[in-house]
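K.L.:
Here it is, the structure, as structure tokens.
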Amino acid sequence: MNDTYTTLINESVFSLFTNMEQRVSAEDMQRVRDAYTLAAEAHKNQRRKTGEPYIIHPIAVARIVAEELELGANPVIAAFLHDVVEDTDYTIEDIRERFGDDVAFLVGVVTKQKKDKYEQSKQVDNFRQILASVQYDVRAILIKLADRLHNMRTLDSMRPDKQMKIAGETDYFYAPLANRLGLYHIKSELENLSFRYRCPREYAELATLLEKEKTENK
């Protein structure tokens, strides 16, 4: 890992820990630190499409959960661990043993279930799984929205066909979901980012017009 990534990771983790230390107990703060340590170990040999260390993504999702959504210790812990079960050898039972039933539940909801046969499609079954969690706990959906928000913020690294697929899902499912939950700032950002990738020419034209208007109104 080069020095640039190390500095970025350290600064991001420091910001998150500083935020959490102001509003959770010392015991919960240690659990948050332990979750980061486990995530860093689990993802240590993985890279994102950009080539950056994969751990940057869980840290970013945890920061959205902590700093933008202002949730408590368990959702932040689950955000750190949200890809561990899906992408590494750790299991839900490992998470349960280390962090308890509540964190295991949250991680389980945001983990895409692997099936031999899907009822309609992998994506539709995933949507159903997320929506089914509402009757139990809305925090799982908030973690999933944070995950999607960071993926949209870093969508440049994906192939154009992947960008269209993810942007379409975002506009169809995640932005309306954020709207129904009253998260209007997240809803707007998801819609804007989706529009940027689905309609790049129109997006560029509007961005130019808005910048021109801003300059004229100074």
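The chains in the structure tokens are called A, B, ... from first to last as shown; in each chain the residues are counted from 1, and the ligands are counted from 1 in the order shown.
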Which residues are near Leu149 in chain A? Cut-off 9 Å, only C-alpha atoms, ignore same chain within fewer than 3 positions. Put them as a count of residues only.
P.N.:
12
K.L.:
Once DSSP has gone over the backbone, tell me which residues of range 2-204 of chain A are in alpha helix (DSSP H), as a PyMOL selection string.
P.N.:
chain A and resi 3-21+26-42+56-63+73-80+84-87+92-99+101-110+122-132+139-153+160-169+175-180+184-198+200-204
K.L.:
Please provide as a list in words all residues within 6 Å of range 157-169 of chain A, with the sequence filter that same-chain residues fewer than 5 positions apart are discarded (counting only C-alpha atoms).
P.N.:
Lys49, Thr50, Ser194 and Arg198 of chain A
K.L.:
Take the residues that were just selected and, keeping N, CA and C atoms, output them as a PDB file, in the first residue's frame.
P.N.:
ATOM      1  N   LYS A  49     -12.056  -1.476  -8.213  1.00  0.00           N
ATOM      2  CA  LYS A  49     -11.804  -1.320  -9.646  1.00  0.00           C
ATOM      3  C   LYS A  49     -10.823  -0.184  -9.925  1.00  0.00           C
ATOM      4  N   THR A  50     -10.780   0.785  -9.018  1.00  0.00           N
ATOM      5  CA  THR A  50      -9.867   1.919  -9.179  1.00  0.00           C
ATOM      6  C   THR A  50      -8.417   1.532  -8.908  1.00  0.00           C
ATOM      7  N   SER A 194     -27.152   9.616 -10.650  1.00  0.00           N
ATOM      8  CA  SER A 194     -27.750   8.702 -11.624  1.00  0.00           C
ATOM      9  C   SER A 194     -27.930   9.401 -12.966  1.00  0.00           C
ATOM     10  N   ARG A 198     -26.608   8.274 -16.673  1.00  0.00           N
ATOM     11  CA  ARG A 198     -27.612   7.816 -17.638  1.00  0.00           C
ATOM     12  C   ARG A 198     -27.750   8.784 -18.809  1.00  0.00           C
TER      13      ARG A 198
END
K.L.:
Separation of CA of Val65 in chain A and CA of Leu142 in chain A, in Å?
P.N.:
7.5 Å
K.L.:
Would you kindly return, as a PyMOL selection string, each protein, DNA or RNA residue with an atom no farther than 10 Å from any atom of Asn2 in chain A, considering only C-alpha atoms and excluding same-chain residues fewer than 4 positions away?
P.N.:
chain A and resi 6-7+52-53
K.L.:
Here is a test: counting only C-alpha atoms, which residue of A:Glu213, A:Ala78, A:His185, A:Ile55 is nearest to Asn10 in chain A?
P.N.:
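When distances to Asn10 in chain A are compared using only C-alpha atoms, the smallest one comes from A:Ile55.
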K.L.:
Return the single residue from A:Asp89, A:Glu21, A:Glu27, A:Glu68 that is closest to Glu41 in chain A, with distances computed using only C-alpha atoms.
P.N.:
A:Asp89
K.L.:
Please list as JSON, numbers by chain every residue within 10 Å of Pro58 in chain A, counting only C-alpha atoms and excluding residues in the same chain fewer than 3 positions away.
P.N.:
{"A": [36, 39, 40, 43, 54, 55, 61, 62, 63, 64, 76, 77, 78, 79, 80, 81, 82, 83, 84, 146, 147, 150]}
K.L.:
Those selected residues, please, written with N, CA and C atoms and delivered as a compact mmCIF listing (two decimals), in the first residue's frame.
P.N.:
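Dumped to out.txt:
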# COMPACT_ATOMS: atom_id res chain seq x y z
N TYR A 36 -13.29 -2.07 12.76
CA TYR A 36 -12.39 -1.57 11.72
C TYR A 36 -11.19 -2.51 11.56
N ALA A 39 -12.28 -5.59 9.66
CA ALA A 39 -12.53 -5.27 8.25
C ALA A 39 -11.22 -5.08 7.49
N ALA A 40 -10.29 -4.36 8.11
CA ALA A 40 -8.99 -4.11 7.46
C ALA A 40 -8.25 -5.43 7.23
N HIS A 43 -10.15 -7.56 4.39
CA HIS A 43 -10.06 -7.02 3.02
C HIS A 43 -8.63 -6.67 2.60
N TYR A 54 -9.36 -2.06 -0.95
CA TYR A 54 -10.80 -2.20 -0.79
C TYR A 54 -11.31 -1.59 0.51
N ILE A 55 -10.48 -1.58 1.56
CA ILE A 55 -10.91 -1.10 2.86
C ILE A 55 -11.37 0.35 2.79
N VAL A 61 -18.29 4.08 3.76
CA VAL A 61 -19.68 3.76 4.11
C VAL A 61 -19.90 4.01 5.60
N ALA A 62 -18.95 3.59 6.44
CA ALA A 62 -19.07 3.81 7.88
C ALA A 62 -19.10 5.30 8.20
N ARG A 63 -18.33 6.09 7.47
CA ARG A 63 -18.33 7.55 7.70
C ARG A 63 -19.68 8.16 7.32
N ILE A 64 -20.28 7.71 6.23
CA ILE A 64 -21.61 8.22 5.87
C ILE A 64 -22.61 7.88 6.97
N VAL A 76 -22.64 1.59 12.67
CA VAL A 76 -21.29 1.92 12.18
C VAL A 76 -20.44 0.65 12.11
N ILE A 77 -20.54 -0.19 13.12
CA ILE A 77 -19.82 -1.47 13.11
C ILE A 77 -20.27 -2.31 11.92
N ALA A 78 -21.58 -2.38 11.71
CA ALA A 78 -22.11 -3.15 10.58
C ALA A 78 -21.66 -2.57 9.24
N ALA A 79 -21.54 -1.25 9.17
CA ALA A 79 -21.07 -0.61 7.93
C ALA A 79 -19.62 -1.01 7.64
N PHE A 80 -18.79 -1.03 8.66
CA PHE A 80 -17.41 -1.51 8.47
C PHE A 80 -17.40 -2.94 7.93
N LEU A 81 -18.34 -3.76 8.39
CA LEU A 81 -18.33 -5.20 8.11
C LEU A 81 -19.29 -5.61 7.00
N HIS A 82 -19.91 -4.64 6.30
CA HIS A 82 -21.03 -4.99 5.42
C HIS A 82 -20.65 -5.88 4.24
N ASP A 83 -19.37 -5.88 3.83
CA ASP A 83 -18.95 -6.74 2.72
C ASP A 83 -18.11 -7.93 3.16
N VAL A 84 -17.86 -8.04 4.46
CA VAL A 84 -16.96 -9.09 4.96
C VAL A 84 -17.52 -10.49 4.69
N ALA A 146 -26.24 4.06 2.41
CA ALA A 146 -24.88 4.61 2.52
C ALA A 146 -23.93 3.88 1.59
N ASP A 147 -24.09 2.58 1.51
CA ASP A 147 -23.28 1.75 0.59
C ASP A 147 -23.51 2.19 -0.85
N HIS A 150 -21.96 5.74 -1.62
CA HIS A 150 -20.53 5.76 -1.90
C HIS A 150 -20.21 5.11 -3.24
